[in-house]
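Raw data_13.pdb, PDB, C-alpha atoms, pLDDT in the B column:
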```
ATOM      1  CA  MET G   1       0.000   0.000   0.000  1.00 66.00           C
ATOM      2  CA  ASP G   2       1.224   3.494  -0.869  1.00 87.00           C
ATOM      3  CA  LEU G   3       2.179   5.383   2.301  1.00 90.00           C
ATOM      4  CA  SER G   4       0.142   8.467   1.361  1.00 87.00           C
ATOM      5  CA  VAL G   5      -2.976   6.291   0.984  1.00 91.00           C
ATOM      6  CA  ALA G   6      -2.425   4.785   4.440  1.00 91.00           C
ATOM      7  CA  ILE G   7      -1.933   8.254   5.903  1.00 92.00           C
ATOM      8  CA  GLN G   8      -5.110   9.550   4.241  1.00 91.00           C
ATOM      9  CA  GLU G   9      -7.106   6.604   5.606  1.00 94.00           C
ATOM     10  CA  ALA G  10      -5.768   7.240   9.112  1.00 94.00           C
ATOM     11  CA  VAL G  11      -6.536  10.961   8.827  1.00 94.00           C
ATOM     12  CA  THR G  12     -10.091  10.220   7.642  1.00 93.00           C
ATOM     13  CA  ARG G  13     -10.657   8.017  10.705  1.00 96.00           C
ATOM     14  CA  GLY G  14      -9.141  10.768  12.858  1.00 95.00           C
ATOM     15  CA  GLN G  15     -11.497  13.337  11.322  1.00 93.00           C
ATOM     16  CA  GLN G  16     -14.509  11.158  12.115  1.00 96.00           C
ATOM     17  CA  HIS G  17     -13.317  10.682  15.698  1.00 95.00           C
ATOM     18  CA  ALA G  18     -12.515  14.391  16.157  1.00 94.00           C
ATOM     19  CA  GLU G  19     -15.940  15.430  14.871  1.00 94.00           C
ATOM     20  CA  SER G  20     -17.654  12.952  17.205  1.00 95.00           C
ATOM     21  CA  LEU G  21     -16.117  14.905  20.106  1.00 95.00           C
ATOM     22  CA  MET G  22     -17.485  18.225  18.816  1.00 96.00           C
ATOM     23  CA  THR G  23     -20.653  18.285  20.889  1.00 97.00           C
ATOM     24  CA  ASP G  24     -20.914  22.076  21.261  1.00 98.00           C
ATOM     25  CA  ARG G  25     -23.025  24.124  18.864  1.00 98.00           C
ATOM     26  CA  VAL G  26     -21.248  27.250  17.683  1.00 97.00           C
ATOM     27  CA  ARG G  27     -22.043  30.265  15.527  1.00 96.00           C
ATOM     28  CA  VAL G  28     -19.291  32.149  13.694  1.00 95.00           C
ATOM     29  CA  THR G  29     -19.935  35.698  12.487  1.00 94.00           C
ATOM     30  CA  ARG G  30     -17.954  38.395  10.706  1.00 92.00           C
ATOM     31  CA  ALA G  31     -18.500  42.133  10.574  1.00 85.00           C
ATOM     32  CA  ASP G  32     -20.049  43.005   7.199  1.00 81.00           C
ATOM     33  CA  PRO G  33     -17.496  45.265   5.467  1.00 78.00           C
ATOM     34  CA  ASP G  34     -20.076  46.354   2.901  1.00 79.00           C
ATOM     35  CA  GLY G  35     -22.885  46.841   5.401  1.00 77.00           C
ATOM     36  CA  ILE G  36     -24.465  50.253   5.322  1.00 79.00           C
ATOM     37  CA  PRO G  37     -25.393  51.709   8.716  1.00 77.00           C
ATOM     38  CA  SER G  38     -28.919  52.994   9.186  1.00 78.00           C
ATOM     39  CA  TRP G  39     -30.522  55.215  11.797  1.00 80.00           C
ATOM     40  CA  ASP G  40     -33.451  54.626  14.088  1.00 79.00           C
ATOM     41  CA  GLU G  41     -36.199  57.211  14.714  1.00 84.00           C
ATOM     42  CA  ASP G  42     -34.132  58.802  17.517  1.00 85.00           C
ATOM     43  CA  GLY G  43     -31.129  59.319  15.243  1.00 80.00           C
ATOM     44  CA  ASN G  44     -29.042  56.482  16.727  1.00 81.00           C
ATOM     45  CA  VAL G  45     -26.740  54.671  14.309  1.00 78.00           C
ATOM     46  CA  LEU G  46     -27.752  51.054  13.798  1.00 76.00           C
ATOM     47  CA  GLU G  47     -24.830  48.928  12.667  1.00 76.00           C
ATOM     48  CA  PRO G  48     -25.630  46.291  10.053  1.00 81.00           C
ATOM     49  CA  PRO G  49     -25.944  42.776  11.438  1.00 83.00           C
ATOM     50  CA  PRO G  50     -22.817  40.617  11.127  1.00 88.00           C
ATOM     51  CA  LEU G  51     -22.516  38.017   8.379  1.00 92.00           C
ATOM     52  CA  LEU G  52     -23.162  34.421   9.416  1.00 95.00           C
ATOM     53  CA  VAL G  53     -20.023  32.510   8.400  1.00 95.00           C
ATOM     54  CA  TYR G  54     -20.622  29.087   9.986  1.00 97.00           C
ATOM     55  CA  GLU G  55     -23.080  27.451  12.344  1.00 98.00           C
ATOM     56  CA  GLY G  56     -22.773  23.881  13.495  1.00 98.00           C
ATOM     57  CA  ARG G  57     -20.624  21.524  15.511  1.00 98.00           C
ATOM     58  CA  GLY G  58     -17.565  22.665  17.384  1.00 98.00           C
ATOM     59  CA  LYS G  59     -15.485  22.132  20.478  1.00 97.00           C
ATOM     60  CA  PHE G  60     -13.703  24.483  22.879  1.00 95.00           C
ATOM     61  CA  GLN G  61     -10.297  23.578  24.265  1.00 91.00           C
ATOM     62  CA  HIS G  62      -8.415  25.590  26.863  1.00 83.00           C
ATOM     63  CA  SER G  63      -4.765  25.708  27.800  1.00 71.00           C
ATOM     64  CA  ASP G  64      -3.585  26.825  31.204  1.00 67.00           C
ATOM     65  CA  PRO G  65      -4.109  30.538  31.811  1.00 61.00           C
ATOM     66  CA  TYR G  66      -1.192  32.717  32.722  1.00 61.00           C
ATOM     67  CA  PRO G  67      -1.510  35.825  34.913  1.00 61.00           C
ATOM     68  CA  SER G  68       0.028  39.125  33.999  1.00 61.00           C
ATOM     69  CA  THR G  69       2.401  40.951  36.286  1.00 60.00           C
ATOM     70  CA  PRO G  70       0.844  44.352  36.875  1.00 59.00           C
ATOM     71  CA  ASP G  71       3.290  47.224  37.311  1.00 61.00           C
ATOM     72  CA  GLY G  72       0.837  49.239  39.359  1.00 60.00           C
ATOM     73  CA  GLY G  73      -2.792  49.781  40.081  1.00 60.00           C
ATOM     74  CA  GLU G  74      -5.267  47.421  41.632  1.00 58.00           C
ATOM     75  CA  ALA G  75      -6.653  45.541  38.649  1.00 58.00           C
ATOM     76  CA  ARG G  76      -5.334  42.117  37.753  1.00 62.00           C
ATOM     77  CA  TRP G  77      -5.640  40.719  34.240  1.00 61.00           C
ATOM     78  CA  THR G  78      -5.455  37.060  33.355  1.00 63.00           C
ATOM     79  CA  THR G  79      -5.204  35.811  29.814  1.00 65.00           C
ATOM     80  CA  GLY G  80      -6.412  32.319  29.008  1.00 63.00           C
ATOM     81  CA  VAL G  81      -5.615  30.802  25.623  1.00 69.00           C
ATOM     82  CA  ARG G  82      -8.423  28.844  24.016  1.00 83.00           C
ATOM     83  CA  GLN G  83      -8.799  26.890  20.834  1.00 92.00           C
ATOM     84  CA  VAL G  84     -11.976  26.353  18.881  1.00 95.00           C
ATOM     85  CA  HIS G  85     -12.120  23.136  16.869  1.00 96.00           C
ATOM     86  CA  LEU G  86     -14.434  22.817  13.851  1.00 96.00           C
ATOM     87  CA  PRO G  87     -14.984  19.889  11.486  1.00 96.00           C
ATOM     88  CA  ALA G  88     -12.311  19.259   8.872  1.00 94.00           C
ATOM     89  CA  GLY G  89     -13.230  20.978   5.630  1.00 91.00           C
ATOM     90  CA  THR G  90     -14.658  24.075   7.306  1.00 92.00           C
ATOM     91  CA  THR G  91     -13.086  26.720   5.064  1.00 92.00           C
ATOM     92  CA  SER G  92     -15.242  29.801   5.612  1.00 92.00           C
ATOM     93  CA  VAL G  93     -13.843  30.834   9.014  1.00 94.00           C
ATOM     94  CA  GLN G  94     -10.888  33.222   9.144  1.00 92.00           C
ATOM     95  CA  SER G  95      -8.863  35.372  11.528  1.00 91.00           C
ATOM     96  CA  GLY G  96     -10.950  38.153  13.048  1.00 90.00           C
ATOM     97  CA  ASP G  97     -14.238  36.219  13.035  1.00 92.00           C
ATOM     98  CA  VAL G  98     -16.222  35.890  16.284  1.00 92.00           C
ATOM     99  CA  VAL G  99     -17.129  32.422  17.586  1.00 94.00           C
ATOM    100  CA  GLU G 100     -20.062  32.164  19.990  1.00 94.00           C
ATOM    101  CA  CYS G 101     -20.950  29.042  21.931  1.00 94.00           C
ATOM    102  CA  ILE G 102     -24.697  28.547  21.418  1.00 96.00           C
ATOM    103  CA  GLN G 103     -25.107  25.236  23.223  1.00 97.00           C
ATOM    104  CA  SER G 104     -22.782  23.036  25.265  1.00 97.00           C
ATOM    105  CA  GLN G 105     -22.817  20.241  27.794  1.00 95.00           C
ATOM    106  CA  ASN G 106     -20.743  22.674  29.870  1.00 96.00           C
ATOM    107  CA  GLU G 107     -23.210  25.457  30.715  1.00 95.00           C
ATOM    108  CA  ARG G 108     -20.323  27.800  31.573  1.00 93.00           C
ATOM    109  CA  LEU G 109     -19.377  27.886  27.883  1.00 93.00           C
ATOM    110  CA  GLU G 110     -22.830  28.921  26.667  1.00 93.00           C
ATOM    111  CA  GLY G 111     -22.803  32.535  25.537  1.00 91.00           C
ATOM    112  CA  LEU G 112     -19.000  32.674  25.417  1.00 91.00           C
ATOM    113  CA  LYS G 113     -17.721  34.816  22.526  1.00 91.00           C
ATOM    114  CA  VAL G 114     -14.123  34.701  21.384  1.00 91.00           C
ATOM    115  CA  ARG G 115     -12.331  36.209  18.419  1.00 91.00           C
ATOM    116  CA  VAL G 116     -10.291  34.029  16.066  1.00 93.00           C
ATOM    117  CA  ARG G 117      -6.652  35.108  16.267  1.00 88.00           C
ATOM    118  CA  ILE G 118      -4.621  32.456  14.463  1.00 80.00           C
ATOM    119  CA  ASP G 119      -5.582  29.959  11.798  1.00 76.00           C
ATOM    120  CA  GLY G 120      -3.654  26.752  12.384  1.00 74.00           C
ATOM    121  CA  ASP G 121      -3.894  25.149   8.950  1.00 81.00           C
ATOM    122  CA  LYS G 122      -1.800  22.083   8.252  1.00 86.00           C
ATOM    123  CA  THR G 123      -1.691  19.335   5.650  1.00 88.00           C
ATOM    124  CA  TRP G 124      -2.941  16.240   7.486  1.00 89.00           C
ATOM    125  CA  ALA G 125      -5.571  17.814   9.760  1.00 92.00           C
ATOM    126  CA  THR G 126      -8.201  15.867  11.672  1.00 94.00           C
ATOM    127  CA  ALA G 127     -10.008  19.122  12.541  1.00 94.00           C
ATOM    128  CA  VAL G 128      -9.788  22.825  11.794  1.00 93.00           C
ATOM    129  CA  ARG G 129      -8.267  24.384  14.904  1.00 93.00           C
ATOM    130  CA  PHE G 130      -8.256  28.106  15.579  1.00 93.00           C
ATOM    131  CA  ASN G 131      -6.404  29.785  18.403  1.00 91.00           C
ATOM    132  CA  VAL G 132      -8.526  32.366  20.155  1.00 90.00           C
ATOM    133  CA  ILE G 133      -7.601  34.557  23.092  1.00 78.00           C
ATOM    134  CA  GLU G 134     -10.010  35.350  25.877  1.00 72.00           C
ATOM    135  CA  THR G 135      -9.153  38.130  28.312  1.00 57.00           C
ATOM    136  CA  VAL G 136     -10.836  38.207  31.701  1.00 53.00           C
ATOM    137  CA  GLN G 137     -10.567  41.108  34.144  1.00 39.00           C
ATOM    138  CA  LYS G 138     -10.703  40.263  37.818  1.00 38.00           C
ATOM    139  CA  GLY G 139     -11.865  43.005  40.172  1.00 42.00           C
ATOM    140  CA  THR G 140      -9.957  43.988  43.263  1.00 41.00           C
ATOM    141  CA  GLY G 141     -12.588  42.771  45.743  1.00 43.00           C
TER
END
```
Let me see the file written as structure tokens.
Amino acid sequence: MDLSVAIQEAVTRGQQHAESLMTDRVRVTRADPDGIPSWDEDGNVLEPPPLLVYEGRGKFQHSDPYPSTPDGGEARWTTGVRQVHLPAGTTSVQSGDVVECIQSQNERLEGLKVRVRIDGDKTWATAVRFNVIETVQKGTG
């Protein structure tokens, strides 16, 4: 058997397994660059709704957060690095898009919105994985 055929078969099985773990429902949107703002009756600017880029299965992963070292002040910022995984073949999502968790077995994820920062394309991918950065501010209590 040709090695590339064996690799492709293994990757296909990996894609099926990876997608089976994507139990969250996500919505990906992008600001409409051609959208024309309108105004309501009070003169407030109404931004055009974002473009729907993708809606379907996904999965959130999270690496260990790392705290910042504040030079002064009382606020503390912690940055946690997340990844959003989408099914292989999802090509419409790009850096700058917003991913929202619509439904999850983990209720704490529902409503979470993160912005795609880095597209991690590679040749033999079992999923499309995007790095996203979530910043959380902790009050001084």
Subject >> Straight-line distance linking CA of Gly96 in chain G with CA of Val28 in chain G, stated in Å to one decimal >> reply: 10.3 Å
Subject >> Selected residue of minimal separation from Lys59 in chain G among G:Leu46, G:Ala125, G:Met22, G:Ile133, counting all atoms listed in the file >> reply: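 Residue with the minimum atom-to-atom distance to Lys59 in chain G: G:Met22.
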**OP:** Report the residues retrieved by the PyMOL selection byres ((chain G and resi 31) around 9) from the displayed file, expressed as a PyMOL selection string.
**Re:** chain G and resi 29-30+32-35+48-51+96-98
Can you spit out the residues from that selection as a CSV table (one decimal), keeping the file's coordinate frame, using C-alpha atoms?
```
chain,number,residue,atom,x,y,z
G,29,THR,CA,-19.9,35.7,12.5
G,30,ARG,CA,-18.0,38.4,10.7
G,32,ASP,CA,-20.0,43.0,7.2
G,33,PRO,CA,-17.5,45.3,5.5
G,34,ASP,CA,-20.1,46.4,2.9
G,35,GLY,CA,-22.9,46.8,5.4
G,48,PRO,CA,-25.6,46.3,10.1
G,49,PRO,CA,-25.9,42.8,11.4
G,50,PRO,CA,-22.8,40.6,11.1
G,51,LEU,CA,-22.5,38.0,8.4
G,96,GLY,CA,-11.0,38.2,13.0
G,97,ASP,CA,-14.2,36.2,13.0
G,98,VAL,CA,-16.2,35.9,16.3
```
Expansion of the PyMOL selection byres ((chain G and resi 100) around 7) into residues, as a short mmCIF file (atom, residue, chain, number, x, y, z; two decimals) with C-alpha atoms, in the frame of the given file:
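To be explicit, this is the file written out as part24.cif:
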```cif
data_model
loop_
_atom_site.label_atom_id
_atom_site.label_comp_id
_atom_site.auth_asym_id
_atom_site.auth_seq_id
_atom_site.Cartn_x
_atom_site.Cartn_y
_atom_site.Cartn_z
CA VAL G 26 -21.25 27.25 17.68
CA ARG G 27 -22.04 30.26 15.53
CA VAL G 28 -19.29 32.15 13.69
CA VAL G 98 -16.22 35.89 16.28
CA VAL G 99 -17.13 32.42 17.59
CA CYS G 101 -20.95 29.04 21.93
CA ILE G 102 -24.70 28.55 21.42
CA GLY G 111 -22.80 32.53 25.54
CA LEU G 112 -19.00 32.67 25.42
CA LYS G 113 -17.72 34.82 22.53
CA VAL G 114 -14.12 34.70 21.38
#
```
**OP:** Have a look at G:Val5, G:Ile36, G:Val128, G:Val45 and name the one nearest to Gln83 in chain G; count all atoms listed in the file.
**Re:**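 The closest residue to Gln83 in chain G is G:Val128.
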**OP:** Excluding range 6-18 of chain G and residues on its chain fewer than 4 positions from it, collect all residues at most 9 Å away from it, counting all atoms listed in the file, and give them as a ChimeraX atom specification.
**Re:** /G:1-2,22,85-88,124-127
With C-alpha atoms retained, write the just-selected residues as a compact mmCIF listing (two decimals), in the coordinates of the input.
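To be explicit, this is the file written out as result38.txt:
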```
# COMPACT_ATOMS: atom_id res chain seq x y z
CA MET G 1 0.00 0.00 0.00
CA ASP G 2 1.22 3.49 -0.87
CA MET G 22 -17.48 18.23 18.82
CA HIS G 85 -12.12 23.14 16.87
CA LEU G 86 -14.43 22.82 13.85
CA PRO G 87 -14.98 19.89 11.49
CA ALA G 88 -12.31 19.26 8.87
CA TRP G 124 -2.94 16.24 7.49
CA ALA G 125 -5.57 17.81 9.76
CA THR G 126 -8.20 15.87 11.67
CA ALA G 127 -10.01 19.12 12.54
```
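If you measure from each of G:Tyr54, G:Arg129, G:Arg25, G:Glu41 to Leu109 in chain G using only C-alpha atoms, the closest one turns out to be G:Arg25.
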**OP:** Mind giving me the straight-line distance from CA of Phe60 in chain G to CA of Asp24 in chain G in Å, one decimal?
**Re:** 7.8 Å
**OP:** Using CA of His62 in chain G and CA of Arg108 in chain G as the two end points, give the distance in Å to one decimal.
**Re:**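 Atom-to-atom, CA of His62 in chain G and CA of Arg108 in chain G are spaced 13.0 Å apart.
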